[in-house]
Amino acid sequence: MTEVTGFKKVILGVQMLFVAFGALVLVPLLTGLDPSIALFTAGLGTLVFQFITKSQVPVFLASSFAFIAPIQYGMKNFGVSKTLGALFCTGFAYVIFSLLVKKGGVRAIEKYLPPIVTGPVIMVIGLKLAPVAVNMAKSFDGSGNMDGKAVLISMVSLITAILVVMYGRRVLSLIPILSGIIVGYLLSLILGVVSFDPIVQAKWFSIPWVEAMKSGSFAIPTFDLAAIMFIFPVAIAPAIEHVGDILAISSVTGKNYLKDPGLHRTLLGDGIATSVAGILGGPPNTTYSEVTGAVALTKATDVIYMRIAAITAIILAFVGKLGAVLKTIPVPVMGGILILLFGMIAAIGIGSLVRNKVDMAKSRNLVIASVVLVIGIGDMVISIGKVSLGGIGLAGLVGIVLNIILPGDER
């Protein structure tokens with residue numbers, strides 16, 4: 001009887017990873033980082049989070065979508081080494097938020113990061129990436145040059161994900177991204193646009209960092225102030241999302257994790273996990289709402305399931321054939337998924353404003369939202385010497401400053 005119970009625990013734990021898998025590997029595939037390393041850092045990051053939060057909160061940490069655009073920019077303009085160094089430093093933003101919460105409670109974050117700031121910043125993250133999604137959906141190289149097969153593949157992937165979101169039941173409803181990728185990949189096989197050479201050449205067992213260094217997707221992190229200043233402020237959006245995720249899992253389990261182990265501990269766990277991921281070559285970590293949905297569906301509230309998912313992710317990171325399969329996914333498959341994904345991110349930002357009943361008839365709110373959106377989407381950059389701050393990070397900081405200096409009451 002004990003063996004059956006143990007087997008069921010393993011199955012439920014692996015299922016948690018299965019729910020997160022599509023989104024987990026999507027970020028490294030889009031940003032030029034290594035998906036196998038991302039698997040490893042997601043697993044390790046989850047274990048680090050569990051240690052810091054005293055193994056009380058049943059959440060799984062994996063790749064954060066908020067960092068897609070900054071990582072893409074960083075890889076192109078600063079290089080792999082400096083980008084990873086900047087991602088490591090980004091984790092300390094969560095440490096700052098953790099200290100604020102420990103000192104002043106949740107209201108300390110609400111004071112400096114109210115919905116009128118975070119809503120538009122989240123919208124910027126989604127809307128800024130819209131051209132990337134469209135170009136990937138139209139072509140096999142992401143250039144945007146129209147290709148009929150690419151459009152067909154991306155639209156089938158998109159429609160599949162939409163159908164799963166709308167009509168999926170039970171576990172299927174939790175994996176729209178993975179479902180879209182699988183169906184799009186199968187169509188790509190039928191159309192003959194998938195190359196199996198990487199799979200044939202890959203070993204069954206491989207050390208991901210060795211392979212990543214060969215392909216140029218990993219380097220020893222170095223620290224550059226310009227790169228750090230560009231990426232560091234982006235942590236604002238996922239930090240706010242983290243608060244929402246902790247509230248959600250508290251609702252599912254009936255326990256108040258904001259008090260015990262405390263929001264300051266969960267933020268600290270998220271931040272340390274992000275720094276660990278960055279130094280090892282993975283994308284920043286964040287709590288996954290898909291996994292929270294799986295917990296609600298299966299009633300598997302024991303933290304042991306997250307540990308099983310984490311250990312499984314670490315083991316899979318060393319399966320070379322799996323990493324090779326992920327790298328054979330055609331660009332249009334990802335493009336189709338991203339049309340939905342980036343649109344949903346922008347919609348979440350709008351939803352944040354609506355849910356918190358932000359009065360957009362007030363001039364103050366209109367000013368903050370307008371300036372944040374234009375600076376972020378327009379990719380405004382301010383340079384002081386060799387240090388540049390721009391895009392999402394600059395938009396977030398400007399929003400915070402405007403929220404502080406503009407009078408709260410209308411004349």
# chains A, B, ... in the order shown; residues from 1 in each chain; ligands from 1
>>> select_by_dssp(residues="stretch 213-291 of chain A", states="alpha helix (DSSP H)", output="JSON, numbers by chain")
{"A": [213, 214, 215, 225, 226, 227, 228, 229, 230, 231, 236, 237, 238, 239, 240, 241, 242, 243, 244, 245, 246, 247, 248, 249, 250, 251, 252, 253, 263, 264, 265, 266, 267, 268, 269, 270, 271, 272, 273, 274, 275, 276, 277, 278, 279, 280, 289, 290, 291]}
>>> write_last_selection(atoms="N, CA and C atoms", output="CSV table (one decimal), in the first residue's frame")
chain,number,residue,atom,x,y,z
A,213,MET,N,28.1,26.0,-24.0
A,213,MET,CA,29.3,26.9,-24.3
A,213,MET,C,29.7,26.7,-25.7
A,214,LYS,N,29.6,25.4,-26.2
A,214,LYS,CA,29.9,25.1,-27.6
A,214,LYS,C,29.0,25.9,-28.6
A,215,SER,N,27.7,26.0,-28.2
A,215,SER,CA,26.7,26.7,-29.0
A,215,SER,C,26.6,28.2,-28.8
A,225,LEU,N,28.0,47.4,-15.4
A,225,LEU,CA,27.0,48.3,-14.9
A,225,LEU,C,25.9,48.7,-15.8
A,226,ALA,N,26.3,48.9,-17.1
A,226,ALA,CA,25.3,49.3,-18.1
A,226,ALA,C,24.3,48.1,-18.3
A,227,ALA,N,24.7,46.9,-18.4
A,227,ALA,CA,23.8,45.8,-18.5
A,227,ALA,C,23.0,45.6,-17.3
A,228,ILE,N,23.6,45.8,-16.1
A,228,ILE,CA,22.8,45.6,-14.8
A,228,ILE,C,21.7,46.7,-14.7
A,229,MET,N,22.0,47.9,-15.1
A,229,MET,CA,21.1,49.0,-15.0
A,229,MET,C,19.9,48.8,-16.0
A,230,PHE,N,20.2,48.2,-17.1
A,230,PHE,CA,19.2,48.0,-18.1
A,230,PHE,C,18.2,46.9,-17.6
A,231,ILE,N,18.7,45.8,-17.1
A,231,ILE,CA,17.8,44.7,-16.8
A,231,ILE,C,17.2,44.7,-15.3
A,236,ILE,N,10.5,44.6,-11.2
A,236,ILE,CA,9.2,45.2,-10.7
A,236,ILE,C,8.0,44.4,-11.0
A,237,ALA,N,7.8,44.1,-12.3
A,237,ALA,CA,6.6,43.4,-12.8
A,237,ALA,C,6.5,42.0,-12.2
A,238,PRO,N,7.5,41.2,-12.3
A,238,PRO,CA,7.3,39.8,-11.7
A,238,PRO,C,7.2,39.8,-10.2
A,239,ALA,N,7.8,40.8,-9.5
A,239,ALA,CA,7.6,40.9,-8.1
A,239,ALA,C,6.2,41.1,-7.7
A,240,ILE,N,5.5,42.0,-8.4
A,240,ILE,CA,4.1,42.2,-8.2
A,240,ILE,C,3.3,41.0,-8.5
A,241,GLU,N,3.6,40.3,-9.6
A,241,GLU,CA,2.9,39.1,-10.0
A,241,GLU,C,3.1,38.0,-8.9
A,242,HIS,N,4.3,38.0,-8.3
A,242,HIS,CA,4.6,37.1,-7.2
A,242,HIS,C,3.6,37.2,-6.1
A,243,VAL,N,3.3,38.5,-5.7
A,243,VAL,CA,2.3,38.7,-4.6
A,243,VAL,C,1.0,38.1,-5.0
A,244,GLY,N,0.6,38.3,-6.2
A,244,GLY,CA,-0.7,37.7,-6.7
A,244,GLY,C,-0.7,36.2,-6.7
A,245,ASP,N,0.4,35.6,-7.0
A,245,ASP,CA,0.6,34.1,-7.0
A,245,ASP,C,0.5,33.6,-5.6
A,246,ILE,N,1.1,34.3,-4.7
A,246,ILE,CA,1.1,33.8,-3.3
A,246,ILE,C,-0.3,33.9,-2.7
A,247,LEU,N,-1.0,35.0,-3.1
A,247,LEU,CA,-2.4,35.1,-2.7
A,247,LEU,C,-3.3,34.0,-3.3
A,248,ALA,N,-3.0,33.6,-4.5
A,248,ALA,CA,-3.7,32.6,-5.2
A,248,ALA,C,-3.5,31.2,-4.6
A,249,ILE,N,-2.3,30.9,-4.3
A,249,ILE,CA,-2.0,29.6,-3.7
A,249,ILE,C,-2.5,29.5,-2.2
A,250,SER,N,-2.5,30.7,-1.6
A,250,SER,CA,-3.1,30.8,-0.2
A,250,SER,C,-4.6,30.5,-0.3
A,251,SER,N,-5.3,31.0,-1.3
A,251,SER,CA,-6.7,30.7,-1.5
A,251,SER,C,-7.0,29.3,-1.7
A,252,VAL,N,-6.1,28.6,-2.6
A,252,VAL,CA,-6.3,27.2,-2.9
A,252,VAL,C,-6.1,26.3,-1.7
A,253,THR,N,-5.1,26.6,-0.9
A,253,THR,CA,-4.8,25.7,0.2
A,253,THR,C,-5.5,26.1,1.5
A,263,LEU,N,5.4,37.0,3.4
A,263,LEU,CA,5.7,37.5,2.0
A,263,LEU,C,7.1,37.8,1.9
A,264,HIS,N,7.7,38.3,3.0
A,264,HIS,CA,9.2,38.7,2.9
A,264,HIS,C,10.0,37.5,2.6
A,265,ARG,N,9.6,36.3,3.1
A,265,ARG,CA,10.4,35.1,2.8
A,265,ARG,C,10.1,34.6,1.4
A,266,THR,N,8.9,34.6,1.0
A,266,THR,CA,8.6,34.1,-0.4
A,266,THR,C,9.3,35.0,-1.4
A,267,LEU,N,9.3,36.3,-1.2
A,267,LEU,CA,10.0,37.2,-2.1
A,267,LEU,C,11.5,37.0,-2.1
A,268,LEU,N,12.1,36.7,-0.9
A,268,LEU,CA,13.5,36.4,-0.8
A,268,LEU,C,13.8,35.1,-1.5
A,269,GLY,N,12.9,34.1,-1.3
A,269,GLY,CA,13.2,32.8,-2.0
A,269,GLY,C,13.1,33.0,-3.5
A,270,ASP,N,12.2,33.8,-4.0
A,270,ASP,CA,12.1,34.0,-5.5
A,270,ASP,C,13.4,34.7,-6.0
A,271,GLY,N,13.9,35.7,-5.2
A,271,GLY,CA,15.0,36.5,-5.6
A,271,GLY,C,16.3,35.7,-5.6
A,272,ILE,N,16.5,34.9,-4.5
A,272,ILE,CA,17.7,34.0,-4.5
A,272,ILE,C,17.7,33.0,-5.6
A,273,ALA,N,16.5,32.4,-5.9
A,273,ALA,CA,16.4,31.5,-7.0
A,273,ALA,C,16.7,32.1,-8.3
A,274,THR,N,16.3,33.4,-8.5
A,274,THR,CA,16.6,34.1,-9.7
A,274,THR,C,18.1,34.3,-9.8
A,275,SER,N,18.8,34.7,-8.7
A,275,SER,CA,20.2,34.9,-8.8
A,275,SER,C,21.0,33.6,-9.1
A,276,VAL,N,20.5,32.5,-8.5
A,276,VAL,CA,21.1,31.2,-8.7
A,276,VAL,C,21.0,30.8,-10.2
A,277,ALA,N,19.8,31.1,-10.7
A,277,ALA,CA,19.6,30.8,-12.1
A,277,ALA,C,20.5,31.6,-13.0
A,278,GLY,N,20.6,32.9,-12.7
A,278,GLY,CA,21.4,33.8,-13.6
A,278,GLY,C,22.9,33.3,-13.6
A,279,ILE,N,23.4,33.0,-12.4
A,279,ILE,CA,24.8,32.7,-12.3
A,279,ILE,C,25.1,31.3,-13.0
A,280,LEU,N,24.1,30.5,-13.1
A,280,LEU,CA,24.3,29.2,-13.8
A,280,LEU,C,23.9,29.2,-15.2
A,289,SER,N,1.7,30.3,-12.2
A,289,SER,CA,0.2,30.2,-11.9
A,289,SER,C,-0.4,29.0,-12.4
A,290,GLU,N,0.2,28.4,-13.5
A,290,GLU,CA,-0.3,27.2,-14.1
A,290,GLU,C,-0.2,26.0,-13.1
A,291,VAL,N,0.9,26.0,-12.3
A,291,VAL,CA,1.1,25.0,-11.3
A,291,VAL,C,0.1,25.2,-10.2
>>> residues_around(residues="stretch 316-333 of chain A", least_positions_apart="4", cutoff="9 Å", atoms="only C-alpha atoms", output="ChimeraX atom specification")
/A:25,29-30,34-40,133,135-142,149-158,180-185,188,193-208,211,311-312,337-338
>>> atom_distance(atom1="atom CA of A:Ala130", atom2="atom CA of A:Gly390")
17.9 Å
>>> atom_distance(atom1="atom CA of A:Phe88", atom2="atom CA of A:Leu44")
14.6 Å
>>> residues_around(residues="stretch 342-351 of chain A", least_positions_apart="6", cutoff="7 Å", atoms="only C-alpha atoms", output="mmCIF file with N, CA and C atoms, in the first residue's frame")
data_model
loop_
_atom_site.group_PDB
_atom_site.id
_atom_site.type_symbol
_atom_site.label_atom_id
_atom_site.label_comp_id
_atom_site.auth_asym_id
_atom_site.auth_seq_id
_atom_site.Cartn_x
_atom_site.Cartn_y
_atom_site.Cartn_z
ATOM 1 N N GLY A 119 0.216 48.057 -13.608
ATOM 2 C CA GLY A 119 -0.656 47.692 -14.730
ATOM 3 C C GLY A 119 -0.062 48.090 -16.079
ATOM 4 N N PRO A 120 0.265 49.382 -16.285
ATOM 5 C CA PRO A 120 0.889 49.796 -17.547
ATOM 6 C C PRO A 120 2.241 49.125 -17.820
ATOM 7 N N ILE A 122 3.129 46.069 -16.953
ATOM 8 C CA ILE A 122 2.816 44.728 -17.451
ATOM 9 C C ILE A 122 2.307 44.805 -18.894
ATOM 10 N N MET A 123 1.521 45.822 -19.210
ATOM 11 C CA MET A 123 1.045 46.018 -20.584
ATOM 12 C C MET A 123 2.217 46.227 -21.540
ATOM 13 N N VAL A 124 3.196 47.008 -21.093
ATOM 14 C CA VAL A 124 4.385 47.267 -21.919
ATOM 15 C C VAL A 124 5.113 45.966 -22.254
ATOM 16 N N ILE A 125 5.236 45.088 -21.262
ATOM 17 C CA ILE A 125 5.935 43.817 -21.473
ATOM 18 C C ILE A 125 5.291 43.033 -22.611
ATOM 19 N N GLY A 126 3.954 42.987 -22.626
ATOM 20 C CA GLY A 126 3.261 42.252 -23.678
ATOM 21 C C GLY A 126 3.283 42.961 -25.018
ATOM 22 N N LEU A 127 2.969 44.265 -25.033
ATOM 23 C CA LEU A 127 2.844 45.003 -26.290
ATOM 24 C C LEU A 127 4.185 45.234 -26.975
ATOM 25 N N LEU A 129 6.580 43.273 -27.196
ATOM 26 C CA LEU A 129 7.021 42.051 -27.851
ATOM 27 C C LEU A 129 6.126 41.635 -29.017
ATOM 28 N N ALA A 130 5.038 42.369 -29.247
ATOM 29 C CA ALA A 130 4.098 41.999 -30.309
ATOM 30 C C ALA A 130 4.766 41.838 -31.685
#
>>> closest_residue(among="A:Ile405, A:Ala310, A:Leu397, A:Val381", to="A:Leu113", atoms="only C-alpha atoms")
A:Leu397
>>> closest_residue(among="A:Thr118, A:Gln72, A:Thr83, A:Asn403", to="A:Arg364", atoms="only C-alpha atoms")
A:Asn403
>>> closest_residue(among="A:Lys362, A:Lys111, A:Lys82, A:Lys299", to="A:Pro58", atoms="only C-alpha atoms")
A:Lys299
>>> residues_around(residues="A:Leu12", least_positions_apart="4", cutoff="12 Å", atoms="only C-alpha atoms", output="JSON, numbers by chain")
{"A": [5, 6, 7, 8, 16, 17, 18, 19, 171, 291, 294, 295, 297, 298, 299, 300, 301, 302, 303, 304, 305, 306, 307, 308, 309, 312]}
>>> atom_distance(atom1="atom CA of A:Ser217", atom2="atom CA of A:Leu84")
10.3 Å
